[in-house]
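Structure file final.cif with mmCIF, C-alpha atoms and all ligand atoms:
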```cif
data_coords
loop_
_atom_site.label_atom_id
_atom_site.label_comp_id
_atom_site.auth_asym_id
_atom_site.auth_seq_id
_atom_site.Cartn_x
_atom_site.Cartn_y
_atom_site.Cartn_z
CA MET A 6 45.69 -24.13 4.37
CA THR A 7 44.66 -21.36 6.77
CA ALA A 8 46.26 -21.97 10.14
CA ASP A 9 44.29 -19.42 12.14
CA ALA A 10 40.55 -18.97 12.08
CA PRO A 11 39.62 -17.13 8.88
CA THR A 12 38.49 -13.54 9.12
CA VAL A 13 35.33 -12.28 7.45
CA TRP A 14 34.22 -8.83 6.39
CA LEU A 15 30.54 -8.49 5.53
CA THR A 16 28.71 -5.52 4.04
CA THR A 17 24.94 -5.26 3.73
CA LEU A 18 22.74 -3.52 1.17
CA GLY A 19 19.00 -3.09 1.13
CA CYS A 20 16.50 -3.05 3.92
CA ALA A 21 16.37 -3.76 7.64
CA LYS A 22 15.34 -7.36 6.91
CA ASN A 23 18.62 -7.93 5.10
CA GLN A 24 20.48 -6.32 8.01
CA VAL A 25 18.85 -8.85 10.34
CA ASP A 26 20.06 -11.69 8.09
CA SER A 27 23.58 -10.23 8.18
CA ASP A 28 23.51 -10.02 11.99
CA LYS A 29 22.48 -13.66 12.11
CA ILE A 30 25.08 -14.77 9.61
CA THR A 31 27.69 -12.91 11.68
CA GLY A 32 26.41 -14.86 14.70
CA MET A 33 26.67 -18.17 12.86
CA LEU A 34 30.15 -17.39 11.61
CA SER A 35 31.35 -16.41 15.04
CA ALA A 36 29.87 -19.62 16.49
CA ALA A 37 31.80 -21.53 13.80
CA GLY A 38 35.03 -19.86 14.92
CA TYR A 39 35.35 -17.21 12.21
CA ARG A 40 36.68 -13.83 13.28
CA SER A 41 35.54 -10.41 12.06
CA ALA A 42 37.79 -8.24 9.92
CA GLU A 43 37.60 -4.47 10.16
CA THR A 44 38.15 -3.86 6.44
CA PRO A 45 37.84 -5.84 3.20
CA GLU A 46 41.60 -5.54 2.73
CA ALA A 47 42.21 -7.38 6.02
CA ALA A 48 39.72 -10.22 5.44
CA ASP A 49 40.16 -13.80 4.27
CA VAL A 50 36.53 -13.82 3.16
CA VAL A 51 34.65 -10.76 1.95
CA MET A 52 30.90 -11.08 1.70
CA VAL A 53 28.31 -8.83 0.12
CA ASN A 54 24.71 -9.27 1.26
CA THR A 55 22.88 -7.95 -1.80
CA CYS A 56 19.47 -6.42 -2.40
CA GLY A 57 17.47 -7.61 -5.41
CA PHE A 58 14.39 -5.48 -4.92
CA ILE A 59 14.43 -3.08 -7.86
CA GLU A 60 16.85 -2.10 -10.61
CA PRO A 61 18.66 0.76 -8.77
CA ALA A 62 19.16 -1.52 -5.74
CA ARG A 63 20.60 -4.25 -7.97
CA ARG A 64 22.93 -1.77 -9.64
CA GLU A 65 24.17 -0.65 -6.25
CA SER A 66 24.71 -4.27 -5.25
CA VAL A 67 26.76 -5.01 -8.37
CA ASP A 68 28.81 -1.81 -7.89
CA THR A 69 29.53 -2.84 -4.32
CA ILE A 70 30.58 -6.34 -5.39
CA LEU A 71 32.99 -4.83 -7.92
CA ASP A 72 34.37 -2.32 -5.39
CA VAL A 73 34.91 -5.06 -2.84
CA ALA A 74 36.49 -7.31 -5.47
CA GLY A 75 38.96 -4.53 -6.18
CA ALA A 76 39.74 -3.92 -2.51
CA LYS A 77 40.16 -7.48 -1.27
CA ARG A 78 43.47 -9.37 -1.14
CA ASP A 79 44.15 -11.65 -4.12
CA ASP A 80 44.02 -14.74 -1.93
CA ALA A 81 40.78 -13.73 -0.20
CA SER A 82 37.46 -15.27 -1.22
CA LEU A 83 34.53 -13.16 -2.41
CA VAL A 84 31.08 -14.50 -1.57
CA VAL A 85 27.83 -12.93 -2.75
CA ILE A 86 24.69 -13.64 -0.73
CA GLY A 87 21.25 -12.08 -0.21
CA CYS A 88 18.16 -11.39 -2.27
CA MET A 89 19.91 -10.70 -5.53
CA ALA A 90 21.95 -13.89 -5.16
CA GLN A 91 18.71 -15.75 -4.57
CA ARG A 92 16.99 -14.24 -7.54
CA TYR A 93 19.81 -14.30 -10.07
CA GLU A 94 22.15 -16.91 -8.69
CA LYS A 95 23.15 -18.45 -12.02
CA GLU A 96 23.31 -15.17 -13.94
CA LEU A 97 25.43 -13.51 -11.24
CA ALA A 98 27.82 -16.43 -11.01
CA GLU A 99 28.32 -16.23 -14.80
CA ALA A 100 28.52 -12.45 -15.03
CA LEU A 101 30.83 -11.97 -12.05
CA PRO A 102 33.89 -14.18 -12.32
CA GLU A 103 35.26 -12.11 -9.40
CA ALA A 104 32.85 -13.96 -7.08
CA ASP A 105 34.07 -17.27 -5.68
CA ALA A 106 30.54 -18.23 -4.69
CA VAL A 107 27.02 -16.89 -5.15
CA ILE A 108 24.75 -18.27 -2.46
CA GLY A 109 21.04 -17.45 -2.41
CA LEU A 110 18.78 -17.44 0.64
CA ASP A 111 17.60 -21.02 0.10
CA ARG A 112 21.18 -22.23 0.31
CA TYR A 113 22.17 -20.49 3.56
CA PRO A 114 22.23 -23.87 5.32
CA GLU A 115 25.27 -24.67 3.14
CA LEU A 116 26.94 -21.32 3.67
CA ILE A 117 29.38 -22.21 6.43
CA ASP A 118 30.32 -25.56 4.89
CA ARG A 119 31.09 -23.74 1.64
CA LEU A 120 33.25 -21.19 3.46
CA ASP A 121 35.03 -23.92 5.42
CA ALA A 122 35.84 -25.73 2.18
CA MET A 123 36.94 -22.53 0.47
CA ARG A 124 39.26 -21.58 3.32
CA ARG A 125 40.15 -25.19 4.20
CA TRP A 126 39.16 -24.45 7.73
CA THR A 127 38.03 -27.00 10.26
CA PRO A 128 35.12 -25.56 12.19
CA ILE A 129 35.17 -25.66 15.94
CA THR A 130 31.68 -25.43 17.27
CA ILE A 131 28.87 -26.04 14.82
CA GLY A 132 28.19 -29.69 13.99
CA THR A 133 27.20 -30.70 10.48
CA ALA A 134 23.87 -32.06 11.64
CA ARG A 135 22.87 -28.71 13.07
CA ARG A 136 24.03 -26.84 10.00
CA SER A 137 21.85 -28.83 7.68
CA HIS A 138 18.85 -27.72 9.73
CA MET A 139 19.93 -24.11 9.86
CA ASP A 140 17.02 -21.73 9.42
CA ILE A 141 17.98 -18.09 9.25
CA LEU A 142 14.67 -17.00 10.81
CA TYR A 143 15.61 -18.89 13.97
CA GLU A 144 19.34 -18.28 14.16
CA THR A 145 20.43 -16.17 17.10
CA ARG A 146 22.34 -13.05 16.27
CA ARG A 147 25.71 -12.20 17.64
CA PRO A 148 27.34 -9.86 18.37
CA THR A 149 24.84 -7.34 19.70
CA PRO A 150 24.47 -4.31 17.42
CA ALA A 151 26.53 -1.24 18.28
CA THR A 152 23.41 0.94 18.17
CA PRO A 153 20.70 1.24 20.85
CA TYR A 154 18.20 -0.04 18.31
CA ALA A 155 17.90 -3.30 16.42
CA TYR A 156 15.47 -5.05 14.11
CA VAL A 157 13.84 -8.38 14.78
CA LYS A 158 12.42 -10.27 11.83
CA VAL A 159 9.12 -11.92 12.68
CA ALA A 160 8.25 -13.54 9.36
CA GLU A 161 9.73 -14.28 6.00
CA GLY A 162 7.96 -14.09 2.63
CA CYS A 163 4.60 -12.67 1.61
CA ASP A 164 1.20 -14.06 0.61
CA LYS A 165 0.04 -10.95 -1.25
CA LEU A 166 -0.01 -10.75 -5.03
CA CYS A 167 1.01 -7.15 -5.80
CA THR A 168 1.61 -7.09 -9.53
CA PHE A 169 4.79 -4.96 -9.32
CA CYS A 170 6.55 -7.03 -6.69
CA ALA A 171 8.87 -9.98 -7.22
CA ILE A 172 9.50 -10.59 -3.52
CA PRO A 173 7.08 -13.55 -3.16
CA GLN A 174 8.88 -15.19 -6.11
CA PHE A 175 12.16 -15.31 -4.28
CA ARG A 176 11.27 -15.01 -0.60
CA GLY A 177 8.29 -17.39 -0.92
CA LYS A 178 4.99 -17.50 0.94
CA GLN A 179 4.74 -15.99 4.40
CA ARG A 180 6.34 -18.08 7.11
CA SER A 181 5.75 -16.59 10.55
CA ARG A 182 8.26 -17.22 13.26
CA ASN A 183 7.27 -18.77 16.54
CA PRO A 184 6.25 -15.99 18.98
CA GLU A 185 8.24 -17.34 21.95
CA ASN A 186 11.36 -17.33 19.81
CA ILE A 187 10.72 -13.72 18.76
CA ARG A 188 10.22 -12.66 22.36
CA ALA A 189 13.36 -14.49 23.43
CA GLU A 190 15.43 -12.64 20.82
CA ALA A 191 13.92 -9.31 21.91
CA ALA A 192 14.73 -10.16 25.54
CA GLU A 193 18.31 -11.04 24.62
CA LEU A 194 18.74 -7.76 22.78
CA ALA A 195 17.16 -5.72 25.59
CA ALA A 196 19.37 -7.42 28.17
CA ALA A 197 22.37 -6.39 26.07
CA GLY A 198 21.27 -2.73 26.11
CA VAL A 199 19.15 -2.47 22.95
CA ALA A 200 16.12 -0.55 24.19
CA GLU A 201 14.41 0.17 20.85
CA ILE A 202 13.35 -2.78 18.76
CA GLY A 203 11.81 -2.64 15.31
CA LEU A 204 9.66 -5.58 14.26
CA VAL A 205 10.08 -6.23 10.56
CA ALA A 206 8.50 -8.48 7.95
CA GLN A 207 7.38 -8.12 4.35
CA ASP A 208 3.79 -7.89 5.56
CA LEU A 209 4.11 -7.30 9.29
CA ALA A 210 0.45 -6.80 10.17
CA ALA A 211 -0.37 -10.20 8.63
CA TYR A 212 2.00 -11.86 11.10
CA GLY A 213 0.70 -15.17 12.44
CA ARG A 214 -1.83 -15.95 9.68
CA ASP A 215 0.06 -19.05 8.64
CA ILE A 216 0.65 -20.51 12.08
CA ASP A 217 -1.62 -21.70 14.78
CA GLY A 218 -0.65 -18.91 17.12
CA PRO A 219 -1.15 -15.29 18.01
CA GLY A 220 -1.54 -12.47 15.52
CA ILE A 221 0.34 -9.20 15.43
CA VAL A 222 -1.58 -7.59 18.33
CA ASP A 223 -0.77 -10.42 20.74
CA LEU A 224 2.80 -10.50 19.52
CA VAL A 225 3.18 -6.76 20.20
CA ARG A 226 1.71 -7.22 23.69
CA SER A 227 4.07 -10.06 24.42
CA VAL A 228 7.22 -8.30 23.16
CA THR A 229 6.41 -5.15 25.11
CA THR A 230 6.57 -7.11 28.37
CA VAL A 231 10.29 -7.66 27.81
CA ASP A 232 12.37 -6.16 30.62
CA GLY A 233 14.48 -3.23 29.53
CA LEU A 234 12.58 -2.55 26.29
CA ARG A 235 11.65 1.10 26.02
CA ARG A 236 10.32 1.47 22.50
CA LEU A 237 8.86 -0.94 19.96
CA ARG A 238 8.43 0.20 16.38
CA LEU A 239 6.43 -1.60 13.71
CA TYR A 240 7.56 -1.51 10.09
CA TYR A 241 5.69 -1.98 6.81
CA LEU A 242 1.97 -2.08 7.49
CA TYR A 243 -0.17 -3.12 4.54
CA PRO A 244 -3.21 -0.81 4.72
CA ARG A 245 -5.94 -3.44 4.72
CA GLU A 246 -4.20 -5.37 7.49
CA ILE A 247 -4.32 -2.40 9.85
CA ARG A 248 -7.35 -3.52 11.85
CA PRO A 249 -8.95 -1.40 14.63
CA ALA A 250 -7.40 -3.66 17.29
CA LEU A 251 -3.91 -2.95 15.96
CA ILE A 252 -4.48 0.82 15.88
CA GLU A 253 -5.86 0.61 19.41
CA GLU A 254 -2.84 -1.36 20.63
CA MET A 255 -0.34 0.94 18.94
CA ALA A 256 -2.08 4.06 20.26
CA GLY A 257 -2.72 2.71 23.75
CA ASN A 258 0.44 0.75 24.55
CA PRO A 259 2.98 3.27 25.89
CA LEU A 260 5.91 1.19 24.69
CA VAL A 261 4.77 1.10 21.06
CA ALA A 262 5.87 4.14 19.06
CA ASP A 263 2.96 6.08 17.60
CA TYR A 264 4.69 5.65 14.28
CA PHE A 265 2.63 4.24 11.44
CA ASP A 266 4.68 3.02 8.51
CA LEU A 267 2.02 2.54 5.85
CA SER A 268 2.62 1.13 2.41
CA LEU A 269 -0.07 3.03 0.51
CA GLN A 270 1.73 2.94 -2.90
CA HIS A 271 -0.81 5.18 -4.70
CA THR A 272 -4.19 6.86 -4.35
CA SER A 273 -5.75 6.22 -7.75
CA GLY A 274 -8.37 3.45 -7.48
CA PRO A 275 -7.78 2.04 -11.01
CA LEU A 276 -4.01 2.02 -10.48
CA LEU A 277 -4.31 0.33 -7.09
CA ARG A 278 -6.52 -2.31 -8.69
CA ALA A 279 -3.95 -2.80 -11.46
CA MET A 280 -1.37 -3.23 -8.70
CA LYS A 281 -3.75 -5.77 -7.04
CA ARG A 282 -3.66 -3.67 -3.93
CA PRO A 283 -6.69 -2.78 -1.89
CA GLY A 284 -8.32 0.57 -1.35
CA SER A 285 -8.48 3.97 -2.91
CA GLY A 286 -7.48 7.50 -1.99
CA GLU A 287 -10.71 7.76 -0.01
CA GLN A 288 -9.98 4.63 1.97
CA HIS A 289 -6.41 5.78 2.62
CA ARG A 290 -7.77 9.09 3.93
CA ASP A 291 -10.21 7.25 6.15
CA LEU A 292 -7.42 5.06 7.55
CA ILE A 293 -5.29 8.12 8.35
CA THR A 294 -8.26 9.81 10.06
CA ARG A 295 -8.81 6.70 12.18
CA ILE A 296 -5.16 6.58 13.14
CA ARG A 297 -5.10 10.27 14.06
CA ASP A 298 -8.35 9.98 16.03
CA ALA A 299 -6.75 7.23 18.11
CA ALA A 300 -3.27 8.75 18.29
CA PRO A 301 -3.41 12.49 17.58
CA ALA A 302 0.38 12.92 17.68
CA ALA A 303 1.04 9.90 15.44
CA ALA A 304 3.90 10.17 12.98
CA LEU A 305 2.95 8.81 9.57
CA ARG A 306 5.21 7.53 6.84
CA SER A 307 4.34 5.95 3.53
CA SER A 308 5.99 4.82 0.35
CA PHE A 309 4.58 5.48 -3.12
CA ILE A 310 5.31 4.11 -6.56
CA VAL A 311 5.49 6.71 -9.30
CA GLY A 312 5.07 5.87 -12.98
CA PHE A 313 3.25 2.54 -12.64
CA PRO A 314 2.01 1.38 -16.09
CA GLY A 315 -1.03 3.37 -17.12
CA GLU A 316 -0.48 6.19 -14.61
CA THR A 317 -1.94 9.39 -16.05
CA ASP A 318 -1.31 13.04 -15.22
CA ASP A 319 -4.64 13.00 -13.39
CA ASP A 320 -3.44 10.10 -11.24
CA VAL A 321 -0.32 12.08 -10.35
CA ASP A 322 -2.46 15.12 -9.47
CA ASP A 323 -4.70 12.90 -7.38
CA LEU A 324 -1.69 11.70 -5.41
CA ALA A 325 -0.39 15.28 -5.11
CA SER A 326 -3.72 16.48 -3.61
CA PHE A 327 -3.72 13.54 -1.27
CA LEU A 328 -0.23 14.45 -0.02
CA SER A 329 -1.27 18.08 0.51
CA ASP A 330 -4.46 17.06 2.33
CA VAL A 331 -3.18 14.39 4.68
CA GLU A 332 0.25 15.90 5.42
CA LEU A 333 2.26 12.78 6.15
CA ASP A 334 5.34 13.34 8.27
CA TRP A 335 7.54 11.34 5.92
CA ALA A 336 7.14 9.78 2.49
CA GLY A 337 9.36 7.93 0.04
CA PHE A 338 8.74 7.92 -3.71
CA PHE A 339 10.09 5.18 -5.93
CA PRO A 340 10.06 5.16 -9.72
CA TYR A 341 8.20 2.07 -10.90
CA SER A 342 10.70 -0.61 -11.88
CA PRO A 343 9.50 -3.41 -14.18
CA GLU A 344 10.57 -6.58 -12.41
CA GLU A 345 11.10 -9.76 -14.36
CA GLY A 346 8.36 -12.31 -13.86
CA THR A 347 5.84 -9.83 -12.46
CA GLU A 348 2.46 -9.07 -14.05
CA ALA A 349 3.06 -5.35 -14.19
CA ALA A 350 6.28 -5.70 -16.20
CA VAL A 351 4.29 -6.78 -19.26
CA MET A 352 1.36 -4.40 -18.82
CA ASP A 353 0.51 -1.85 -21.49
CA GLY A 354 1.13 1.80 -20.77
CA GLN A 355 4.72 1.62 -19.50
CA ILE A 356 5.91 5.14 -18.67
CA PRO A 357 9.27 6.37 -20.02
CA ASP A 358 11.99 6.74 -17.36
CA GLY A 359 12.39 10.49 -17.91
CA GLU A 360 8.68 11.02 -17.31
CA LYS A 361 8.78 8.89 -14.15
CA GLN A 362 11.64 11.00 -12.82
CA GLU A 363 9.80 14.22 -13.61
CA ARG A 364 6.67 13.04 -11.80
CA LEU A 365 8.77 11.87 -8.90
CA ARG A 366 10.51 15.24 -8.57
CA TYR A 367 7.14 17.00 -8.64
CA LEU A 368 5.68 14.84 -5.86
CA GLN A 369 8.89 14.87 -3.85
CA ALA A 370 8.96 18.68 -3.88
CA ILE A 371 5.40 18.79 -2.53
CA GLN A 372 6.24 16.32 0.20
CA ASP A 373 9.54 18.02 1.11
CA GLU A 374 7.64 21.18 2.04
CA ILE A 375 5.15 19.19 4.10
CA THR A 376 7.93 17.26 5.85
CA THR A 377 9.71 20.52 6.69
CA SER A 378 6.56 22.11 8.09
CA ARG A 379 5.69 18.96 10.11
CA THR A 380 9.23 19.03 11.47
CA ILE A 381 9.06 22.71 12.41
CA GLU A 382 5.76 22.09 14.23
CA GLN A 383 7.80 20.10 16.75
CA ILE A 384 9.60 23.22 17.99
CA GLY A 385 8.68 23.93 21.60
CA ARG A 386 7.64 20.32 22.31
CA THR A 387 9.29 18.14 24.91
CA VAL A 388 10.17 14.70 23.61
CA THR A 389 11.83 11.50 24.76
CA VAL A 390 15.00 10.94 22.78
CA VAL A 391 17.37 7.99 22.59
CA VAL A 392 20.92 8.95 21.66
CA ASP A 393 22.06 6.70 18.81
CA GLN A 394 25.58 8.01 18.42
CA VAL A 395 27.90 10.98 18.79
CA GLU A 396 28.90 12.32 15.39
CA ASP A 397 31.64 14.96 15.16
CA GLY A 398 31.11 15.69 18.85
CA MET A 399 27.32 16.08 18.41
CA PRO A 400 24.94 13.63 20.08
CA VAL A 401 22.41 12.47 17.48
CA GLY A 402 19.18 10.82 18.56
CA ARG A 403 15.57 10.16 17.73
CA SER A 404 12.13 10.43 19.28
CA TYR A 405 9.19 8.16 18.41
CA ARG A 406 8.71 10.29 15.25
CA GLU A 407 11.98 9.33 13.64
CA ALA A 408 12.81 5.78 12.57
CA PRO A 409 16.53 5.01 12.35
CA GLU A 410 18.34 5.40 9.04
CA ILE A 411 15.35 6.69 7.11
CA ASP A 412 13.77 9.73 8.77
CA GLY A 413 15.34 12.88 10.22
CA VAL A 414 17.29 13.02 13.48
CA ILE A 415 17.41 15.15 16.63
CA ILE A 416 20.69 16.83 17.47
CA LEU A 417 21.15 17.33 21.21
CA ASP A 418 23.36 19.69 23.20
CA HIS A 419 24.73 16.75 25.16
CA GLY A 420 24.23 13.02 25.71
CA GLU A 421 25.96 9.67 25.39
CA PRO A 422 25.10 6.81 23.02
CA GLY A 423 22.38 4.62 24.50
CA GLU A 424 21.18 7.34 26.89
CA TRP A 425 17.44 8.17 27.03
CA VAL A 426 16.70 11.82 27.74
CA THR A 427 13.85 14.28 27.88
CA ALA A 428 14.62 17.16 25.57
CA GLU A 429 12.98 20.37 24.49
CA VAL A 430 12.97 21.00 20.75
CA THR A 431 14.44 24.42 20.09
CA GLY A 432 14.99 24.50 16.34
CA GLY A 433 14.55 22.67 13.07
CA PHE A 434 16.14 22.61 9.65
CA GLY A 435 14.93 20.42 6.76
CA THR A 436 14.19 17.03 8.22
CA ASP A 437 16.24 17.45 11.40
CA LEU A 438 15.62 19.05 14.78
CA GLU A 439 17.76 20.56 17.51
CA ALA A 440 16.89 20.03 21.15
CA VAL A 441 18.19 20.86 24.59
CA VAL A 442 18.36 18.08 27.16
CA ARG A 443 16.19 18.75 30.22
CA GLY A 444 16.92 15.56 32.11
CA PRO A 445 16.99 11.77 32.00
CA ALA A 446 13.95 10.03 30.58
S1 LIG B 1 2.68 -6.82 0.20
FE1 LIG B 1 4.77 -6.03 -0.15
S2 LIG B 1 6.11 -7.84 -0.28
FE2 LIG B 1 3.99 -8.54 -0.45
S3 LIG B 1 3.65 -8.69 -2.68
FE3 LIG B 1 2.92 -6.66 -1.99
S4 LIG B 1 4.67 -5.27 -2.22
FE4 LIG B 1 5.46 -7.37 -2.34
#
```
Let me see whether you can do it: turn the structure in this file into structure tokens.
Amino acid sequence: MTADAPTVWLTTLGCAKNQVDSDKITGMLSAAGYRSAETPEAADVVMVNTCGFIEPARRESVDTILDVAGAKRDDASLVVIGCMAQRYEKELAEALPEADAVIGLDRYPELIDRLDAMRRWTPITIGTARRSHMDILYETRRPTPATPYAYVKVAEGCDKLCTFCAIPQFRGKQRSRNPENIRAEAAELAAAGVAEIGLVAQDLAAYGRDIDGPGIVDLVRSVTTVDGLRRLRLYYLYPREIRPALIEEMAGNPLVADYFDLSLQHTSGPLLRAMKRPGSGEQHRDLITRIRDAAPAAALRSSFIVGFPGETDDDVDDLASFLSDVELDWAGFFPYSPEEGTEAAVMDGQIPDGEKQERLRYLQAIQDEITTSRTIEQIGRTVTVVVDQVEDGMPVGRSYREAPEIDGVIILDHGEPGEWVTAEVTGGFGTDLEAVVRGPA
């Protein structure tokens, strides 16, 4: 029997959407009386929120589970949650005897009851009736993140049919969240000092299709009326969903970062068709031109899959020319990973891993040069920077060009976390910039 409220330590792998789930689970646990532990060694319950997206992410999740299992006290409980738990619940439970419970996304409503039973803890605030209706999309988060930015999830699941992606299998069809509830969460975060909010979803620009309500443009307008919000960033825009009205809103609304996070995936028409994704290199170019016409200083990011079944050397060269022509600010390259249950996993023309890595290195090297030159072009410009943190005495922040945790950063001569400043960029190295603060922003 645990006399005091149990303590929980939770670590999160994967994307911003998983981080949002962890924030919400932390909120639920705190409402149920659980306390946070600083380290796995100090916790009664250690939890790993896993990522099940592709093979390297799953490997990292399993390594983390094993590390945490080794670090925790013998009498502490180990609970595995998240996408990988959802996707491989039974297999994980069998393969990892270290885990006391493996709880997938669908079973989050049972999560706290399971923990209570495990720790023999009598909850203090959440009633059983409410728990059984728990919906992670609608849970309020608590505590407020320590950073001046936070993500707000606006929908769960995806209606697209990309042949490489297993997400719809385990996250289900798109389920958009009620817009008032999204705005209320943004307002709560802004009131607590979070001035940059990132809207996230598997297919953000398709927000609202499944509900009788506003679409993404109206949602953006509504969220940007929140008091105290200074920057809204949109993540994961499926190219065909980027309609003129959305470009216009992003370019014209001063609170929306001119940051276009496109998921182009490839430029070869036949490969895109095999992926069941729209467009072609030409259409991608056209989209980028339209974005730059509307927002000349727009920062562009995209992700690409390398080594999809059937990809030829010509396809790789086609993508390489595209990168050189359009000069994206940032790009991520992922080796194609055959995911169980997806169409692409059983397609002919699978590419050997070594070849995928070679192609990836080739494309990455091209993009690295472009990213460096796009970064250096910023020197001499004056930008608005939010200070995220002070690291080894150096204030580290970001302008609209840099998304947290994924792009470069701006190192300032002074500044405090949460402060917004106007700064002049004086130098650049690799993906990062140096800037001198000229005044408050
Ligand atoms: S749009 Fe994204 S989440 Fe949806 S199926 Fe395609 S890759 Fe997967």
Can you tell me which residues come within 9 Å of ligand LIG 1 (chain B) when counting only C-alpha atoms and all ligand atoms, ideally as a PyMOL selection string?
chain A and resi 162-173+176+179+206-208+241-243+268+270+280-282
Hey, which of A:Thr377, A:Thr387, A:Gln372, A:Thr294 ends up closest to A:Ser307? Count all atoms listed in the file.
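For A:Ser307, the nearest of the given residues is A:Gln372.
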Write out as a ChimeraX atom specification which residues come within 9 Å of stretch 297-304 of chain A when counting all atoms listed in the file, dropping same-chain ones fewer than 3 positions away.
/A:252-253,255-257,262-266,292-294,333-335,405-407
Contacts of stretch 119-125 of chain A at 9 Å or less, counting all atoms listed in the file, minus same-chain residues fewer than 4 places along, as number ranges by chain?
A: 6-7, 11, 49-50, 81-82, 84, 105-106, 115
Pairwise distance for atom CA of A:Lys95 and atom CA of A:Ser27, rounded to one decimal in Å:
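One can read the atom CA of A:Lys95 to atom CA of A:Ser27 distance as 21.8 Å.
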Kindly compute an axis-aligned box around the listed atoms of stretch 311-316 of chain A, allowing 4 Å on each side, and express its centre and edge lengths in Å to one decimal as AutoDock Vina command-line options.
```
--center_x 2.2 --center_y 4.0 --center_z -13.2 --size_x 14.5 --size_y 13.3 --size_z 15.8
```
Of the residues A:Pro422, A:Gly87, A:Pro445, A:Gly337, which is the one nearest to A:Pro153, using all atoms listed in the file?
A:Pro422
Calculated over all atoms listed in the file, which of the candidates A:Cys20, A:Ala100, A:Ala37, A:Val25 has the smallest distance to A:Val159?
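For A:Val159, the nearest of the candidates is A:Val25.
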Exercise: A:Arg180 partners within 7 Å, all atoms listed in the file, chain neighbours under 5 positions left out, as a list in words:
Ala160, Glu161, Gly162 and Asp215 of chain A
Just the number, please: distance in Å from atom CA of A:Glu316 to atom CA of A:Cys88, one decimal.
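For atom CA of A:Glu316 relative to atom CA of A:Cys88, the distance reads 28.4 Å.
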Pick from A:Leu194, A:Leu209, A:Met52, A:Val199, whichever lies nearest to A:Lys22 using all atoms listed in the file
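The closest residue to A:Lys22 is A:Leu209.
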Smallest atom-to-atom distance to A:Val107: which of A:Ser35, A:Gln24, A:Ser378, A:Gln91, using only C-alpha atoms?
A:Gln91
Selected residue, from A:Ala62, A:Val430, A:Ile30, A:Ile117, that lies nearest to A:Ile416 when counting all atoms listed in the file
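The answer is A:Val430, which sits nearest to A:Ile416.
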Test item: residues at most 6 Å from A:Leu417, all atoms listed in the file, excluding those fewer than 6 positions along its chain, as JSON, numbers by chain:
{"A": [400, 439, 440, 441]}
d(atom CA of A:Leu239, atom CA of A:Pro259) in Å:
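Computed distance, atom CA of A:Leu239 to atom CA of A:Pro259, equals 13.6 Å.
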